[in-house]
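Shown next: work.pdb, given as PDB, C-alpha atoms.
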ATOM      1  CA  MET D  83     -52.800   5.086 -33.903  1.00  0.00           C
ATOM      2  CA  MET D  84     -50.972   4.203 -30.696  1.00  0.00           C
ATOM      3  CA  ALA D  85     -47.268   3.495 -30.687  1.00  0.00           C
ATOM      4  CA  GLU D  86     -46.355  -0.104 -30.067  1.00  0.00           C
ATOM      5  CA  LYS D  87     -45.149  -0.819 -26.526  1.00  0.00           C
ATOM      6  CA  TYR D  88     -42.394  -3.254 -25.687  1.00  0.00           C
ATOM      7  CA  TYR D  89     -41.982  -5.009 -22.368  1.00  0.00           C
ATOM      8  CA  TYR D  90     -38.785  -6.722 -21.348  1.00  0.00           C
ATOM      9  CA  GLN D  91     -37.532  -8.832 -18.515  1.00  0.00           C
ATOM     10  CA  LEU D  92     -33.910  -8.107 -17.772  1.00  0.00           C
ATOM     11  CA  TYR D  93     -31.553  -9.728 -15.306  1.00  0.00           C
ATOM     12  CA  LEU D  94     -28.159  -8.504 -14.229  1.00  0.00           C
ATOM     13  CA  GLU D  95     -25.709 -11.402 -14.202  1.00  0.00           C
ATOM     14  CA  ILE D  96     -23.375 -11.429 -11.204  1.00  0.00           C
ATOM     15  CA  VAL D  97     -20.111 -13.357 -11.534  1.00  0.00           C
ATOM     16  CA  LEU D  98     -17.373 -14.061  -9.017  1.00  0.00           C
ATOM     17  CA  ARG D  99     -14.001 -12.809 -10.210  1.00  0.00           C
ATOM     18  CA  ARG D 100     -12.005 -15.590 -11.906  1.00  0.00           C
ATOM     19  CA  ALA D 101     -15.033 -17.916 -11.792  1.00  0.00           C
ATOM     20  CA  ASP D 102     -16.280 -20.001 -14.697  1.00  0.00           C
ATOM     21  CA  TYR D 103     -19.906 -19.807 -13.646  1.00  0.00           C
ATOM     22  CA  VAL D 104     -22.596 -17.288 -12.840  1.00  0.00           C
ATOM     23  CA  PHE D 105     -23.049 -16.607  -9.128  1.00  0.00           C
ATOM     24  CA  GLY D 106     -26.571 -15.265  -9.458  1.00  0.00           C
ATOM     25  CA  PHE D 107     -28.995 -12.967 -11.220  1.00  0.00           C
ATOM     26  CA  MET D 108     -30.730  -9.762 -10.161  1.00  0.00           C
ATOM     27  CA  ASN D 109     -33.971  -8.652 -11.796  1.00  0.00           C
ATOM     28  CA  VAL D 110     -33.493  -5.076 -13.027  1.00  0.00           C
ATOM     29  CA  SER D 111     -36.578  -4.913 -15.269  1.00  0.00           C
ATOM     30  CA  HIS D 112     -38.005  -2.020 -13.260  1.00  0.00           C
ATOM     31  CA  ILE D 113     -35.318   0.343 -14.592  1.00  0.00           C
ATOM     32  CA  PRO D 114     -36.580   2.341 -17.599  1.00  0.00           C
ATOM     33  CA  TYR D 115     -35.195   1.494 -21.042  1.00  0.00           C
ATOM     34  CA  GLU D 116     -33.970   5.070 -21.449  1.00  0.00           C
ATOM     35  CA  LYS D 117     -31.714   4.697 -18.386  1.00  0.00           C
ATOM     36  CA  PHE D 118     -30.156   1.516 -19.775  1.00  0.00           C
ATOM     37  CA  TYR D 119     -29.586   3.301 -23.075  1.00  0.00           C
ATOM     38  CA  GLU D 120     -27.878   6.142 -21.205  1.00  0.00           C
ATOM     39  CA  LEU D 121     -25.690   3.699 -19.240  1.00  0.00           C
ATOM     40  CA  PHE D 122     -24.648   1.505 -22.160  1.00  0.00           C
ATOM     41  CA  GLN D 123     -24.685   3.874 -25.156  1.00  0.00           C
ATOM     42  CA  ASP D 124     -20.866   3.736 -25.384  1.00  0.00           C
ATOM     43  CA  GLN D 125     -21.090  -0.067 -25.746  1.00  0.00           C
ATOM     44  CA  LEU D 126     -23.664  -0.008 -28.564  1.00  0.00           C
ATOM     45  CA  THR D 127     -22.229  -1.145 -31.878  1.00  0.00           C
ATOM     46  CA  THR D 128     -24.525  -2.303 -34.674  1.00  0.00           C
ATOM     47  CA  GLU D 129     -27.726  -3.337 -32.885  1.00  0.00           C
ATOM     48  CA  THR D 130     -30.881  -1.374 -33.554  1.00  0.00           C
ATOM     49  CA  PHE D 131     -32.473  -2.299 -30.217  1.00  0.00           C
ATOM     50  CA  LEU D 132     -30.563  -2.146 -26.929  1.00  0.00           C
ATOM     51  CA  PHE D 133     -31.177  -5.749 -25.819  1.00  0.00           C
ATOM     52  CA  GLU D 134     -30.688  -7.409 -29.192  1.00  0.00           C
ATOM     53  CA  ASP D 135     -28.782 -10.589 -28.223  1.00  0.00           C
ATOM     54  CA  VAL D 136     -25.825  -8.594 -26.916  1.00  0.00           C
ATOM     55  CA  SER D 137     -24.117  -8.395 -23.532  1.00  0.00           C
ATOM     56  CA  TYR D 138     -23.260  -5.137 -21.819  1.00  0.00           C
ATOM     57  CA  PHE D 139     -20.814  -4.773 -18.947  1.00  0.00           C
ATOM     58  CA  ILE D 140     -20.606  -2.554 -15.908  1.00  0.00           C
ATOM     59  CA  ASP D 141     -16.889  -1.959 -15.648  1.00  0.00           C
ATOM     60  CA  GLU D 142     -15.222   0.090 -12.920  1.00  0.00           C
ATOM     61  CA  GLU D 143     -15.396   3.354 -14.904  1.00  0.00           C
ATOM     62  CA  LEU D 144     -19.108   2.948 -15.695  1.00  0.00           C
ATOM     63  CA  TYR D 145     -19.799   1.962 -12.092  1.00  0.00           C
ATOM     64  CA  GLN D 146     -17.972   4.970 -10.636  1.00  0.00           C
ATOM     65  CA  LYS D 147     -19.628   7.357 -13.108  1.00  0.00           C
ATOM     66  CA  ASN D 148     -23.105   6.050 -12.145  1.00  0.00           C
ATOM     67  CA  LYS D 149     -22.388   4.876  -8.587  1.00  0.00           C
ATOM     68  CA  ALA D 150     -25.245   6.774  -6.894  1.00  0.00           C
ATOM     69  CA  PHE D 151     -27.850   5.401  -9.307  1.00  0.00           C
ATOM     70  CA  LEU D 152     -26.477   1.830  -9.372  1.00  0.00           C
ATOM     71  CA  ASP D 153     -26.202   1.643  -5.576  1.00  0.00           C
ATOM     72  CA  LYS D 154     -29.766   2.967  -5.218  1.00  0.00           C
ATOM     73  CA  GLU D 155     -31.178   0.456  -7.724  1.00  0.00           C
ATOM     74  CA  ASN D 156     -29.106  -2.464  -6.467  1.00  0.00           C
ATOM     75  CA  GLN D 157     -31.283  -4.782  -4.372  1.00  0.00           C
ATOM     76  CA  ILE D 158     -28.282  -6.402  -2.712  1.00  0.00           C
ATOM     77  CA  ARG D 159     -24.983  -5.063  -1.470  1.00  0.00           C
ATOM     78  CA  PHE D 160     -21.802  -6.728  -2.612  1.00  0.00           C
ATOM     79  CA  SER D 161     -18.112  -6.003  -2.857  1.00  0.00           C
ATOM     80  CA  ARG D 162     -16.946  -5.092  -6.356  1.00  0.00           C
ATOM     81  CA  LYS D 163     -13.571  -6.532  -5.324  1.00  0.00           C
ATOM     82  CA  VAL D 164     -15.202  -9.979  -5.171  1.00  0.00           C
ATOM     83  CA  PHE D 165     -17.782  -9.762  -7.978  1.00  0.00           C
ATOM     84  CA  LEU D 166     -17.918  -8.671 -11.578  1.00  0.00           C
ATOM     85  CA  VAL D 167     -21.264  -7.222 -12.650  1.00  0.00           C
TER
END
Representation of the structure as structure tokens:
Amino acid sequence: MMAEKYYYQLYLEIVLRRADYVFGFMNVSHIPYEKFYELFQDQLTTETFLFEDVSYFIDEELYQKNKAFLDKENQIRFSRKVFLV
């Protein structure tokens, strides 16, 4: 019996600092689930599946810790002084 496969479509929400609206979205569905789990494991609380109606945030510490990977996977370049991701 084959294991069930899950497919997801995931967008990174990009917000201007101090803004009340979303500036844009970036499709990051090509990044493997395991990498997202690695990035956001400290933010997991009670959910049994990583994308279970919960938001995760890339704060400055997480960004700096994973800067090489995030910059490589980022399809656009932006200033973290202007945007929250």
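Distances here use all atoms listed in the file; by that measure, the residue among D:Asp102, D:Leu126, D:Leu121, D:Phe133 closest to D:Asn148 is D:Leu121.
The spacing separating atom CA of D:Lys149 from atom CA of D:Ser137 amounts to 20.1 Å.
Between atom CA of D:Tyr90 and atom CA of D:Glu155 lies a distance of 17.2 Å.
Taking atom CA of D:Lys87 as the reference point, atom CA of D:Ser111 is found at 14.7 Å.
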